[in-house]
Structure formats: C-alpha cells, structure tokens
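Content type compact mmCIF, N, CA and C atoms, from the file run00.txt:
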# COMPACT_ATOMS: atom_id res chain seq x y z
N MET A 24 83.81 38.60 -8.04
CA MET A 24 83.88 39.01 -9.43
C MET A 24 84.89 40.14 -9.54
N SER A 25 84.97 40.79 -10.67
CA SER A 25 85.97 41.83 -10.88
C SER A 25 85.69 43.07 -10.03
N ASP A 26 86.70 43.90 -9.90
CA ASP A 26 86.55 45.13 -9.12
C ASP A 26 85.48 46.04 -9.69
N LEU A 27 85.32 46.05 -11.01
CA LEU A 27 84.30 46.88 -11.65
C LEU A 27 82.92 46.52 -11.14
N TYR A 28 82.63 45.22 -11.07
CA TYR A 28 81.32 44.79 -10.58
C TYR A 28 81.17 45.13 -9.11
N ALA A 29 82.23 44.96 -8.34
CA ALA A 29 82.17 45.27 -6.91
C ALA A 29 81.89 46.75 -6.69
N LEU A 30 82.48 47.61 -7.50
CA LEU A 30 82.25 49.05 -7.38
C LEU A 30 80.80 49.41 -7.67
N ARG A 31 80.20 48.72 -8.64
CA ARG A 31 78.81 49.01 -8.98
C ARG A 31 77.85 48.31 -8.04
N GLY A 32 78.33 47.31 -7.31
CA GLY A 32 77.46 46.60 -6.37
C GLY A 32 76.56 45.58 -7.02
N ASP A 33 76.98 45.02 -8.15
CA ASP A 33 76.17 44.02 -8.83
C ASP A 33 77.06 42.89 -9.33
N GLU A 34 76.46 41.99 -10.04
CA GLU A 34 77.16 40.85 -10.60
C GLU A 34 76.92 40.81 -12.10
N PRO A 35 77.76 40.10 -12.86
CA PRO A 35 77.50 40.00 -14.30
C PRO A 35 76.20 39.25 -14.58
N VAL A 36 75.61 39.55 -15.70
CA VAL A 36 74.36 38.90 -16.12
C VAL A 36 74.68 37.56 -16.79
N PHE A 37 75.84 37.47 -17.43
CA PHE A 37 76.27 36.25 -18.11
C PHE A 37 77.62 35.80 -17.60
N SER A 38 77.79 34.50 -17.51
CA SER A 38 79.14 33.96 -17.36
C SER A 38 79.61 33.63 -18.77
N VAL A 39 80.89 33.76 -19.00
CA VAL A 39 81.46 33.56 -20.33
C VAL A 39 82.42 32.39 -20.30
N GLU A 40 82.23 31.48 -21.23
CA GLU A 40 83.09 30.31 -21.35
C GLU A 40 83.42 30.16 -22.82
N GLN A 41 84.68 29.94 -23.14
CA GLN A 41 85.06 29.76 -24.54
C GLN A 41 85.52 28.33 -24.76
N VAL A 42 84.95 27.71 -25.79
CA VAL A 42 85.31 26.35 -26.19
C VAL A 42 85.65 26.44 -27.68
N GLY A 43 86.94 26.48 -28.00
CA GLY A 43 87.36 26.65 -29.39
C GLY A 43 86.88 27.99 -29.93
N ASP A 44 86.12 27.95 -31.03
CA ASP A 44 85.62 29.20 -31.62
C ASP A 44 84.19 29.51 -31.19
N ILE A 45 83.73 28.83 -30.14
CA ILE A 45 82.39 29.06 -29.59
C ILE A 45 82.51 29.78 -28.26
N VAL A 46 81.72 30.82 -28.09
CA VAL A 46 81.58 31.48 -26.79
C VAL A 46 80.22 31.08 -26.24
N ILE A 47 80.23 30.50 -25.05
CA ILE A 47 78.99 30.12 -24.40
C ILE A 47 78.69 31.16 -23.33
N LEU A 48 77.56 31.83 -23.49
CA LEU A 48 77.13 32.87 -22.57
C LEU A 48 75.96 32.31 -21.76
N THR A 49 76.21 32.04 -20.50
CA THR A 49 75.19 31.45 -19.63
C THR A 49 74.57 32.55 -18.78
N MET A 50 73.27 32.72 -18.94
CA MET A 50 72.54 33.77 -18.23
C MET A 50 72.24 33.35 -16.79
N VAL A 51 72.29 34.35 -15.89
CA VAL A 51 71.91 34.11 -14.51
C VAL A 51 70.41 33.88 -14.43
N ALA A 52 69.96 33.36 -13.32
CA ALA A 52 68.55 32.99 -13.18
C ALA A 52 67.60 34.19 -13.22
N ASP A 53 68.00 35.29 -12.62
CA ASP A 53 67.07 36.41 -12.47
C ASP A 53 67.69 37.70 -12.97
N VAL A 54 67.47 38.01 -14.23
CA VAL A 54 68.04 39.24 -14.78
C VAL A 54 67.36 40.48 -14.21
N LYS A 55 66.19 40.32 -13.63
CA LYS A 55 65.49 41.47 -13.04
C LYS A 55 66.26 42.08 -11.88
N SER A 56 67.17 41.29 -11.27
CA SER A 56 67.94 41.82 -10.15
C SER A 56 69.06 42.75 -10.62
N SER A 57 69.30 42.81 -11.93
CA SER A 57 70.33 43.68 -12.48
C SER A 57 69.72 45.02 -12.88
N SER A 58 70.46 46.07 -12.60
CA SER A 58 69.99 47.40 -12.97
C SER A 58 70.17 47.62 -14.48
N TYR A 59 69.50 48.62 -15.00
CA TYR A 59 69.64 48.95 -16.41
C TYR A 59 71.09 49.29 -16.73
N GLN A 60 71.74 50.02 -15.83
CA GLN A 60 73.14 50.38 -16.02
C GLN A 60 74.01 49.12 -16.09
N SER A 61 73.72 48.14 -15.24
CA SER A 61 74.46 46.88 -15.27
C SER A 61 74.28 46.19 -16.61
N MET A 62 73.06 46.23 -17.12
CA MET A 62 72.78 45.60 -18.41
C MET A 62 73.57 46.28 -19.53
N GLN A 63 73.68 47.60 -19.45
CA GLN A 63 74.47 48.33 -20.45
C GLN A 63 75.93 47.92 -20.39
N HIS A 64 76.47 47.86 -19.17
CA HIS A 64 77.87 47.44 -19.01
C HIS A 64 78.07 46.02 -19.52
N GLU A 65 77.12 45.17 -19.22
CA GLU A 65 77.20 43.77 -19.65
C GLU A 65 77.16 43.67 -21.17
N TYR A 66 76.27 44.42 -21.80
CA TYR A 66 76.20 44.43 -23.26
C TYR A 66 77.54 44.86 -23.85
N ASN A 67 78.11 45.94 -23.33
CA ASN A 67 79.39 46.43 -23.84
C ASN A 67 80.49 45.39 -23.67
N ARG A 68 80.51 44.72 -22.52
CA ARG A 68 81.51 43.68 -22.26
C ARG A 68 81.37 42.54 -23.27
N LEU A 69 80.15 42.07 -23.47
CA LEU A 69 79.92 40.94 -24.36
C LEU A 69 80.11 41.32 -25.83
N TYR A 70 79.81 42.56 -26.18
CA TYR A 70 80.05 43.05 -27.54
C TYR A 70 81.53 42.91 -27.87
N GLY A 71 82.38 43.25 -26.90
CA GLY A 71 83.82 43.10 -27.07
C GLY A 71 84.24 41.65 -27.18
N VAL A 72 83.68 40.81 -26.33
CA VAL A 72 83.99 39.37 -26.37
C VAL A 72 83.64 38.78 -27.73
N LEU A 73 82.47 39.11 -28.25
CA LEU A 73 82.03 38.56 -29.53
C LEU A 73 82.73 39.20 -30.73
N GLY A 74 83.53 40.22 -30.49
CA GLY A 74 84.29 40.86 -31.56
C GLY A 74 85.69 40.30 -31.72
N GLN A 75 86.07 39.36 -30.87
CA GLN A 75 87.41 38.78 -30.95
C GLN A 75 87.53 37.91 -32.20
N ASP A 76 88.70 37.94 -32.82
CA ASP A 76 88.93 37.23 -34.08
C ASP A 76 88.65 35.73 -34.00
N GLN A 77 88.99 35.11 -32.88
CA GLN A 77 88.85 33.65 -32.78
C GLN A 77 87.42 33.21 -32.50
N VAL A 78 86.50 34.14 -32.29
CA VAL A 78 85.11 33.79 -31.97
C VAL A 78 84.27 33.79 -33.25
N GLN A 79 83.68 32.65 -33.57
CA GLN A 79 82.81 32.53 -34.73
C GLN A 79 81.37 32.23 -34.37
N TYR A 80 81.17 31.64 -33.20
CA TYR A 80 79.84 31.20 -32.80
C TYR A 80 79.56 31.61 -31.36
N ALA A 81 78.29 31.91 -31.11
CA ALA A 81 77.84 32.23 -29.75
C ALA A 81 76.66 31.33 -29.41
N ALA A 82 76.69 30.80 -28.20
CA ALA A 82 75.58 29.99 -27.69
C ALA A 82 75.08 30.67 -26.43
N PHE A 83 73.84 31.13 -26.46
CA PHE A 83 73.23 31.72 -25.28
C PHE A 83 72.56 30.60 -24.50
N ASP A 84 73.12 30.26 -23.36
CA ASP A 84 72.57 29.19 -22.53
C ASP A 84 71.58 29.82 -21.56
N LEU A 85 70.30 29.57 -21.78
CA LEU A 85 69.23 30.16 -20.98
C LEU A 85 68.65 29.17 -19.98
N THR A 86 69.36 28.09 -19.72
CA THR A 86 68.88 27.05 -18.82
C THR A 86 68.46 27.60 -17.45
N ASN A 87 69.20 28.56 -16.93
CA ASN A 87 68.91 29.13 -15.61
C ASN A 87 67.96 30.32 -15.65
N CYS A 88 67.60 30.76 -16.85
CA CYS A 88 66.79 31.97 -17.00
C CYS A 88 65.33 31.71 -16.64
N ILE A 89 64.83 32.48 -15.70
CA ILE A 89 63.45 32.36 -15.25
C ILE A 89 62.55 33.32 -16.02
N ILE A 90 63.05 34.54 -16.23
CA ILE A 90 62.25 35.57 -16.88
C ILE A 90 63.13 36.34 -17.86
N LEU A 91 62.53 36.77 -18.95
CA LEU A 91 63.26 37.50 -19.97
C LEU A 91 62.52 38.81 -20.21
N ASP A 92 63.17 39.92 -19.86
CA ASP A 92 62.51 41.21 -20.06
C ASP A 92 62.93 41.82 -21.39
N SER A 93 62.31 42.94 -21.73
CA SER A 93 62.55 43.55 -23.04
C SER A 93 63.99 44.01 -23.23
N VAL A 94 64.63 44.46 -22.16
CA VAL A 94 66.02 44.90 -22.26
C VAL A 94 66.90 43.71 -22.63
N MET A 95 66.67 42.57 -21.96
CA MET A 95 67.49 41.39 -22.24
C MET A 95 67.21 40.83 -23.63
N VAL A 96 65.98 40.90 -24.09
CA VAL A 96 65.67 40.47 -25.45
C VAL A 96 66.48 41.33 -26.43
N GLY A 97 66.52 42.63 -26.18
CA GLY A 97 67.30 43.53 -27.03
C GLY A 97 68.78 43.19 -27.01
N VAL A 98 69.30 42.84 -25.85
CA VAL A 98 70.71 42.44 -25.73
C VAL A 98 70.96 41.18 -26.57
N LEU A 99 70.10 40.19 -26.44
CA LEU A 99 70.26 38.94 -27.21
C LEU A 99 70.22 39.20 -28.71
N VAL A 100 69.26 40.01 -29.15
CA VAL A 100 69.14 40.32 -30.58
C VAL A 100 70.37 41.06 -31.08
N ASN A 101 70.81 42.08 -30.36
CA ASN A 101 71.95 42.87 -30.81
C ASN A 101 73.26 42.08 -30.79
N LEU A 102 73.45 41.23 -29.79
CA LEU A 102 74.66 40.41 -29.76
C LEU A 102 74.63 39.36 -30.87
N THR A 103 73.44 38.87 -31.19
CA THR A 103 73.30 37.94 -32.31
C THR A 103 73.69 38.62 -33.62
N HIS A 104 73.24 39.86 -33.81
CA HIS A 104 73.61 40.60 -35.01
C HIS A 104 75.11 40.84 -35.05
N ARG A 105 75.71 41.09 -33.90
CA ARG A 105 77.16 41.32 -33.81
C ARG A 105 77.92 40.10 -34.36
N ILE A 106 77.57 38.92 -33.90
CA ILE A 106 78.30 37.72 -34.33
C ILE A 106 78.00 37.39 -35.79
N ARG A 107 76.76 37.62 -36.22
CA ARG A 107 76.40 37.34 -37.62
C ARG A 107 77.02 38.33 -38.58
N ASP A 108 77.17 39.58 -38.17
CA ASP A 108 77.82 40.58 -39.01
C ASP A 108 79.28 40.21 -39.27
N ARG A 109 79.84 39.38 -38.40
CA ARG A 109 81.23 38.94 -38.54
C ARG A 109 81.32 37.59 -39.24
N GLY A 110 80.18 37.09 -39.77
CA GLY A 110 80.17 35.83 -40.51
C GLY A 110 79.92 34.60 -39.66
N GLY A 111 79.57 34.78 -38.39
CA GLY A 111 79.30 33.66 -37.50
C GLY A 111 77.81 33.44 -37.30
N ASN A 112 77.47 32.77 -36.21
CA ASN A 112 76.07 32.50 -35.91
C ASN A 112 75.89 32.38 -34.41
N ALA A 113 74.64 32.50 -33.98
CA ALA A 113 74.29 32.36 -32.57
C ALA A 113 73.09 31.43 -32.43
N ILE A 114 73.05 30.72 -31.33
CA ILE A 114 71.95 29.80 -31.04
C ILE A 114 71.48 30.02 -29.60
N LEU A 115 70.34 29.42 -29.27
CA LEU A 115 69.82 29.45 -27.91
C LEU A 115 69.78 28.01 -27.38
N ILE A 116 70.14 27.87 -26.12
CA ILE A 116 70.15 26.55 -25.48
C ILE A 116 69.30 26.61 -24.21
N GLY A 117 68.51 25.56 -23.98
CA GLY A 117 67.86 25.34 -22.70
C GLY A 117 66.78 26.33 -22.31
N MET A 118 65.96 26.74 -23.24
CA MET A 118 64.90 27.69 -22.90
C MET A 118 63.78 27.01 -22.12
N SER A 119 63.28 27.71 -21.12
CA SER A 119 62.08 27.24 -20.43
C SER A 119 60.88 27.51 -21.33
N ASP A 120 59.75 26.91 -21.00
CA ASP A 120 58.53 27.14 -21.77
C ASP A 120 58.14 28.62 -21.75
N HIS A 121 58.34 29.27 -20.59
CA HIS A 121 57.98 30.69 -20.46
C HIS A 121 58.86 31.55 -21.38
N VAL A 122 60.16 31.32 -21.37
CA VAL A 122 61.07 32.10 -22.21
C VAL A 122 60.76 31.85 -23.69
N ARG A 123 60.51 30.60 -24.05
CA ARG A 123 60.15 30.27 -25.43
C ARG A 123 58.87 31.03 -25.84
N GLU A 124 57.90 31.05 -24.94
CA GLU A 124 56.64 31.74 -25.23
C GLU A 124 56.86 33.24 -25.46
N VAL A 125 57.71 33.85 -24.65
CA VAL A 125 58.02 35.27 -24.82
C VAL A 125 58.63 35.51 -26.20
N LEU A 126 59.61 34.70 -26.58
CA LEU A 126 60.27 34.88 -27.87
C LEU A 126 59.34 34.57 -29.04
N GLU A 127 58.45 33.61 -28.86
CA GLU A 127 57.48 33.31 -29.91
C GLU A 127 56.48 34.46 -30.09
N ARG A 128 56.05 35.04 -28.99
CA ARG A 128 55.12 36.18 -29.07
C ARG A 128 55.76 37.36 -29.80
N LEU A 129 57.05 37.51 -29.62
CA LEU A 129 57.78 38.59 -30.30
C LEU A 129 58.18 38.19 -31.71
N MET A 130 57.81 36.98 -32.09
CA MET A 130 58.09 36.43 -33.42
C MET A 130 59.59 36.37 -33.71
N LEU A 131 60.38 36.08 -32.68
CA LEU A 131 61.84 36.01 -32.84
C LEU A 131 62.35 34.60 -33.10
N LEU A 132 61.46 33.65 -33.14
CA LEU A 132 61.88 32.28 -33.44
C LEU A 132 61.40 31.83 -34.81
N GLN A 133 60.89 32.77 -35.59
CA GLN A 133 60.40 32.45 -36.93
C GLN A 133 61.53 32.49 -37.94
N ALA A 134 61.57 31.52 -38.79
CA ALA A 134 62.61 31.44 -39.82
C ALA A 134 62.17 32.18 -41.07
N ASP A 135 62.22 33.51 -41.02
CA ASP A 135 61.80 34.28 -42.19
C ASP A 135 62.86 35.28 -42.66
N ASN A 136 64.07 35.14 -42.17
CA ASN A 136 65.20 35.98 -42.57
C ASN A 136 65.02 37.46 -42.24
N LYS A 137 64.02 37.81 -41.45
CA LYS A 137 63.82 39.19 -41.06
C LYS A 137 64.08 39.40 -39.57
N ARG A 138 64.14 38.32 -38.84
CA ARG A 138 64.31 38.41 -37.40
C ARG A 138 65.53 37.62 -36.97
N ALA A 139 65.78 37.57 -35.69
CA ALA A 139 66.95 36.87 -35.17
C ALA A 139 66.93 35.39 -35.53
N MET A 140 65.74 34.81 -35.56
CA MET A 140 65.51 33.41 -35.91
C MET A 140 66.61 32.46 -35.45
N TRP A 141 66.73 32.35 -34.16
CA TRP A 141 67.72 31.45 -33.59
C TRP A 141 67.30 29.99 -33.76
N THR A 142 68.26 29.16 -33.96
CA THR A 142 68.05 27.73 -33.83
C THR A 142 68.15 27.45 -32.34
N THR A 143 67.28 26.58 -31.85
CA THR A 143 67.26 26.30 -30.41
C THR A 143 67.59 24.83 -30.16
N TYR A 144 68.22 24.59 -29.03
CA TYR A 144 68.58 23.25 -28.59
C TYR A 144 68.20 23.10 -27.14
N ALA A 145 67.77 21.91 -26.77
CA ALA A 145 67.35 21.66 -25.39
C ALA A 145 68.53 21.62 -24.43
N THR A 146 69.67 21.10 -24.90
CA THR A 146 70.84 20.94 -24.03
C THR A 146 72.11 21.34 -24.77
N ARG A 147 73.17 21.54 -24.01
CA ARG A 147 74.47 21.82 -24.62
C ARG A 147 74.93 20.64 -25.47
N GLN A 148 74.69 19.45 -24.97
CA GLN A 148 75.10 18.26 -25.70
C GLN A 148 74.45 18.22 -27.08
N GLU A 149 73.16 18.52 -27.13
CA GLU A 149 72.44 18.58 -28.41
C GLU A 149 73.08 19.61 -29.33
N ALA A 150 73.42 20.76 -28.78
CA ALA A 150 74.02 21.83 -29.56
C ALA A 150 75.40 21.41 -30.08
N TYR A 151 76.21 20.79 -29.22
CA TYR A 151 77.53 20.33 -29.63
C TYR A 151 77.43 19.31 -30.76
N GLU A 152 76.45 18.43 -30.69
CA GLU A 152 76.27 17.40 -31.72
C GLU A 152 75.85 18.00 -33.06
N ALA A 153 75.19 19.14 -33.04
CA ALA A 153 74.73 19.80 -34.26
C ALA A 153 75.77 20.76 -34.84
N TYR A 154 76.83 21.03 -34.11
CA TYR A 154 77.88 21.98 -34.51
C TYR A 154 78.54 21.53 -35.80
N PRO A 155 78.88 22.42 -36.73
CA PRO A 155 78.73 23.87 -36.68
C PRO A 155 77.32 24.31 -37.07
N TRP A 156 76.93 25.43 -36.52
CA TRP A 156 75.57 25.94 -36.73
C TRP A 156 75.57 26.85 -37.92

Re-express the file's structure as structure tokens.
Amino acid sequence: MSDLYALRGDEPVFSVEQVGDIVILTMVADVKSSSYQSMQHEYNRLYGVLGQDQVQYAAFDLTNCIILDSVMVGVLVNLTHRIRDRGGNAILIGMSDHVREVLERLMLLQADNKRAMWTTYATRQEAYEAYPW
C-alpha cells in the first residue's frame, strides 16, 4: 500500500474503485484490526474522494465485513451525508445478517428522512441494475 500506511503500520479500511460517477468503497473483513487513528485517516481520505466533482454516488460494499463497530457506523453515516450534501446518494451492498441487525437496531435502515436510510442491495449486480439510486 502507500508509504503513509506503511509508516503507520496498518492497511486501509476500504479499497476504492471508481466506475463512472460511482465510487465503490469495499470494506475489509475485520475493521477491528484497525486502530482509531487509522480510522480517522481513512475517514479523511474518503471524505476527499467523495468530494471530487465527478463523484455523484457512493456504494459501500460490505460483503467482506464481519463486524461493524460504532466508529465504523459513524464513518458510514458521515460519508453518506458528505455525498448527499453534494446532491448525490449512497447505498449499501452485500450486508451480512449480523451487520444488517446492527444497523436495524440503530434504526439506520428506516425510511423516515431522519436517518441515513440507505437502500440496500444483495450484490453489486443488483445495485448496478437499479442505478441511478
């Protein structure tokens, strides 16, 4: 990975892939292995990525995500607000039952215009077929 990550002794929490005006952020399997400082750096990096003019949509691919802690939930919510404040939208892809349960308990999947209320898709293919979100 980049020299910055090597200096800190960690790896990024998300891989970033851009397909047209969509940024796909794929989470690593175990975010617990990342330090809080790493999460802060990752948030700042992704905040910049989602601020680029050509980016209108973000897809958080959680297919590999085993556990979702409160820090990562905050990152997802804040990055979702970032893209929506710019007139775009964010979705979630490939949530496990455990991750879905965590987000449901936090009432973040409710469509009440007060929360993040992500639309969710089982696969990338499903999400691509529903585009634009």

(request) Could you check how far CA of Asp108 (chain A) sits from atom N of Pro35 (chain A), in Å to one decimal? (result)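 Between CA of Asp108 (chain A) and atom N of Pro35 (chain A) the gap works out to 26.2 Å.
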
(message) Excluding region 60-62 of chain A and its own-chain neighbours fewer than 2 positions away, which residues fall within 8 Å of it when counting all atoms listed in the file? Please give them as a list in words.
(response) Arg31, Asp33, Glu34, Pro35, Val36, Ser57, Ser58, His64, Glu65, Tyr66, Asn67, Arg68, Val94, Met95 and Val98 of chain A

(request) Find the spatial neighbours of His104 (chain A), counting only C-alpha atoms, within a cut-off of 12 Å - ignore same-chain residues fewer than 6 positions away - and output them as a list in words. (result)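 After dropping sequence-adjacent residues, the list is Tyr70, Leu73, Gly74, Tyr80, Ala81, Gly97, Val98, Gly110, Gly111, Asn112, Ala113, Ile114, Lys137, Arg138, Ala139, Met140 and Trp141 of chain A.
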
(request) List every residue of chain A that DSSP, applied to the backbone of this structure, assigns to strand (DSSP E), and report them as a ChimeraX atom specification. (result) /A:37-42,45-50,80-84,112-116,142-144

Got time to write the residues from that selection, N, CA and C atoms, as a PDB file, in the coordinates of the input?
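Produced file selection_24.pdb, reproduced below:
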ATOM      1  N   PHE A  37      75.840  37.470 -17.430  1.00  0.00           N
ATOM      2  CA  PHE A  37      76.270  36.250 -18.110  1.00  0.00           C
ATOM      3  C   PHE A  37      77.620  35.800 -17.600  1.00  0.00           C
ATOM      4  N   SER A  38      77.790  34.500 -17.510  1.00  0.00           N
ATOM      5  CA  SER A  38      79.140  33.960 -17.360  1.00  0.00           C
ATOM      6  C   SER A  38      79.610  33.630 -18.770  1.00  0.00           C
ATOM      7  N   VAL A  39      80.890  33.760 -19.000  1.00  0.00           N
ATOM      8  CA  VAL A  39      81.460  33.560 -20.330  1.00  0.00           C
ATOM      9  C   VAL A  39      82.420  32.390 -20.300  1.00  0.00           C
ATOM     10  N   GLU A  40      82.230  31.480 -21.230  1.00  0.00           N
ATOM     11  CA  GLU A  40      83.090  30.310 -21.350  1.00  0.00           C
ATOM     12  C   GLU A  40      83.420  30.160 -22.820  1.00  0.00           C
ATOM     13  N   GLN A  41      84.680  29.940 -23.140  1.00  0.00           N
ATOM     14  CA  GLN A  41      85.060  29.760 -24.540  1.00  0.00           C
ATOM     15  C   GLN A  41      85.520  28.330 -24.760  1.00  0.00           C
ATOM     16  N   VAL A  42      84.950  27.710 -25.790  1.00  0.00           N
ATOM     17  CA  VAL A  42      85.310  26.350 -26.190  1.00  0.00           C
ATOM     18  C   VAL A  42      85.650  26.440 -27.680  1.00  0.00           C
ATOM     19  N   ILE A  45      83.730  28.830 -30.140  1.00  0.00           N
ATOM     20  CA  ILE A  45      82.390  29.060 -29.590  1.00  0.00           C
ATOM     21  C   ILE A  45      82.510  29.780 -28.260  1.00  0.00           C
ATOM     22  N   VAL A  46      81.720  30.820 -28.090  1.00  0.00           N
ATOM     23  CA  VAL A  46      81.580  31.480 -26.790  1.00  0.00           C
ATOM     24  C   VAL A  46      80.220  31.080 -26.240  1.00  0.00           C
ATOM     25  N   ILE A  47      80.230  30.500 -25.050  1.00  0.00           N
ATOM     26  CA  ILE A  47      78.990  30.120 -24.400  1.00  0.00           C
ATOM     27  C   ILE A  47      78.690  31.160 -23.330  1.00  0.00           C
ATOM     28  N   LEU A  48      77.560  31.830 -23.490  1.00  0.00           N
ATOM     29  CA  LEU A  48      77.130  32.870 -22.570  1.00  0.00           C
ATOM     30  C   LEU A  48      75.960  32.310 -21.760  1.00  0.00           C
ATOM     31  N   THR A  49      76.210  32.040 -20.500  1.00  0.00           N
ATOM     32  CA  THR A  49      75.190  31.450 -19.630  1.00  0.00           C
ATOM     33  C   THR A  49      74.570  32.550 -18.780  1.00  0.00           C
ATOM     34  N   MET A  50      73.270  32.720 -18.940  1.00  0.00           N
ATOM     35  CA  MET A  50      72.540  33.770 -18.230  1.00  0.00           C
ATOM     36  C   MET A  50      72.240  33.350 -16.790  1.00  0.00           C
ATOM     37  N   TYR A  80      81.170  31.640 -33.200  1.00  0.00           N
ATOM     38  CA  TYR A  80      79.840  31.200 -32.800  1.00  0.00           C
ATOM     39  C   TYR A  80      79.560  31.610 -31.360  1.00  0.00           C
ATOM     40  N   ALA A  81      78.290  31.910 -31.110  1.00  0.00           N
ATOM     41  CA  ALA A  81      77.840  32.230 -29.750  1.00  0.00           C
ATOM     42  C   ALA A  81      76.660  31.330 -29.410  1.00  0.00           C
ATOM     43  N   ALA A  82      76.690  30.800 -28.200  1.00  0.00           N
ATOM     44  CA  ALA A  82      75.580  29.990 -27.690  1.00  0.00           C
ATOM     45  C   ALA A  82      75.080  30.670 -26.430  1.00  0.00           C
ATOM     46  N   PHE A  83      73.840  31.130 -26.460  1.00  0.00           N
ATOM     47  CA  PHE A  83      73.230  31.720 -25.280  1.00  0.00           C
ATOM     48  C   PHE A  83      72.560  30.600 -24.500  1.00  0.00           C
ATOM     49  N   ASP A  84      73.120  30.260 -23.360  1.00  0.00           N
ATOM     50  CA  ASP A  84      72.570  29.190 -22.530  1.00  0.00           C
ATOM     51  C   ASP A  84      71.580  29.820 -21.560  1.00  0.00           C
ATOM     52  N   ASN A 112      77.470  32.770 -36.210  1.00  0.00           N
ATOM     53  CA  ASN A 112      76.070  32.500 -35.910  1.00  0.00           C
ATOM     54  C   ASN A 112      75.890  32.380 -34.410  1.00  0.00           C
ATOM     55  N   ALA A 113      74.640  32.500 -33.980  1.00  0.00           N
ATOM     56  CA  ALA A 113      74.290  32.360 -32.570  1.00  0.00           C
ATOM     57  C   ALA A 113      73.090  31.430 -32.430  1.00  0.00           C
ATOM     58  N   ILE A 114      73.050  30.720 -31.330  1.00  0.00           N
ATOM     59  CA  ILE A 114      71.950  29.800 -31.040  1.00  0.00           C
ATOM     60  C   ILE A 114      71.480  30.020 -29.600  1.00  0.00           C
ATOM     61  N   LEU A 115      70.340  29.420 -29.270  1.00  0.00           N
ATOM     62  CA  LEU A 115      69.820  29.450 -27.910  1.00  0.00           C
ATOM     63  C   LEU A 115      69.780  28.010 -27.380  1.00  0.00           C
ATOM     64  N   ILE A 116      70.140  27.870 -26.120  1.00  0.00           N
ATOM     65  CA  ILE A 116      70.150  26.550 -25.480  1.00  0.00           C
ATOM     66  C   ILE A 116      69.300  26.610 -24.210  1.00  0.00           C
ATOM     67  N   THR A 142      68.260  29.160 -33.960  1.00  0.00           N
ATOM     68  CA  THR A 142      68.050  27.730 -33.830  1.00  0.00           C
ATOM     69  C   THR A 142      68.150  27.450 -32.340  1.00  0.00           C
ATOM     70  N   THR A 143      67.280  26.580 -31.850  1.00  0.00           N
ATOM     71  CA  THR A 143      67.260  26.300 -30.410  1.00  0.00           C
ATOM     72  C   THR A 143      67.590  24.830 -30.160  1.00  0.00           C
ATOM     73  N   TYR A 144      68.220  24.590 -29.030  1.00  0.00           N
ATOM     74  CA  TYR A 144      68.580  23.250 -28.590  1.00  0.00           C
ATOM     75  C   TYR A 144      68.200  23.100 -27.140  1.00  0.00           C
TER      76      TYR A 144
END

(request) Check the DSSP output for the backbone and give back, as a VMD selection string, the residues of chain A in alpha helix (DSSP H). (result) chain A and resid 26 to 31 59 to 72 93 to 108 120 to 128 147 to 153

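CA of Asn101 (chain A) sits 15.9 Å away from CA of Ile47 (chain A).
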
(message) List the spatial neighbours of Leu85 (chain A) as number ranges by chain - criterion: any atom at most 8 Å away, all atoms listed in the file, same-chain residues fewer than 3 positions off excluded.
(response) A: 48-52, 82, 88-89, 114-119

(request) Between CA of Tyr154 (chain A) and atom N of Ser38 (chain A), measure the distance and give it in Å to one decimal. (result)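 Value for the CA of Tyr154 (chain A)-atom N of Ser38 (chain A) distance: 21.1 Å.
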
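If you measure from each of A:Val100, A:Val54, A:Leu91, A:Val46 to Gln77 (chain A) using all atoms listed in the file, the closest one turns out to be A:Val46.
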
(request) Determine the nearest neighbour of Asn87 (chain A) from the options A:Asp53, A:Val42, A:Gln63, A:Arg105, counting all atoms listed in the file. (result) A:Asp53

(message) Just checking: using only N, CA and C atoms, which residue out of A:Ala145, A:Glu152, A:Ser56, A:Arg128 ends up closest to Thr86 (chain A)?
(response)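 Among the listed residues, A:Ala145 lies closest to Thr86 (chain A).
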
(message) as a list in words, please: the residues near Val78 (chain A) (cut-off 6 Å, only C-alpha atoms, same-chain neighbours under 3 positions excluded).
(response)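 Residues near the query, excluding close chain neighbours: Asp44, Ile45 and Gln75 of chain A.
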
May I have the selected residues written with N, CA and C atoms, as a PDB file, keeping the file's coordinate frame?
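Once written, selection37.pdb looks like this:
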ATOM      1  N   ASP A  44      86.120  27.950 -31.030  1.00  0.00           N
ATOM      2  CA  ASP A  44      85.620  29.200 -31.620  1.00  0.00           C
ATOM      3  C   ASP A  44      84.190  29.510 -31.190  1.00  0.00           C
ATOM      4  N   ILE A  45      83.730  28.830 -30.140  1.00  0.00           N
ATOM      5  CA  ILE A  45      82.390  29.060 -29.590  1.00  0.00           C
ATOM      6  C   ILE A  45      82.510  29.780 -28.260  1.00  0.00           C
ATOM      7  N   GLN A  75      86.070  39.360 -30.870  1.00  0.00           N
ATOM      8  CA  GLN A  75      87.410  38.780 -30.950  1.00  0.00           C
ATOM      9  C   GLN A  75      87.530  37.910 -32.200  1.00  0.00           C
TER      10      GLN A  75
END
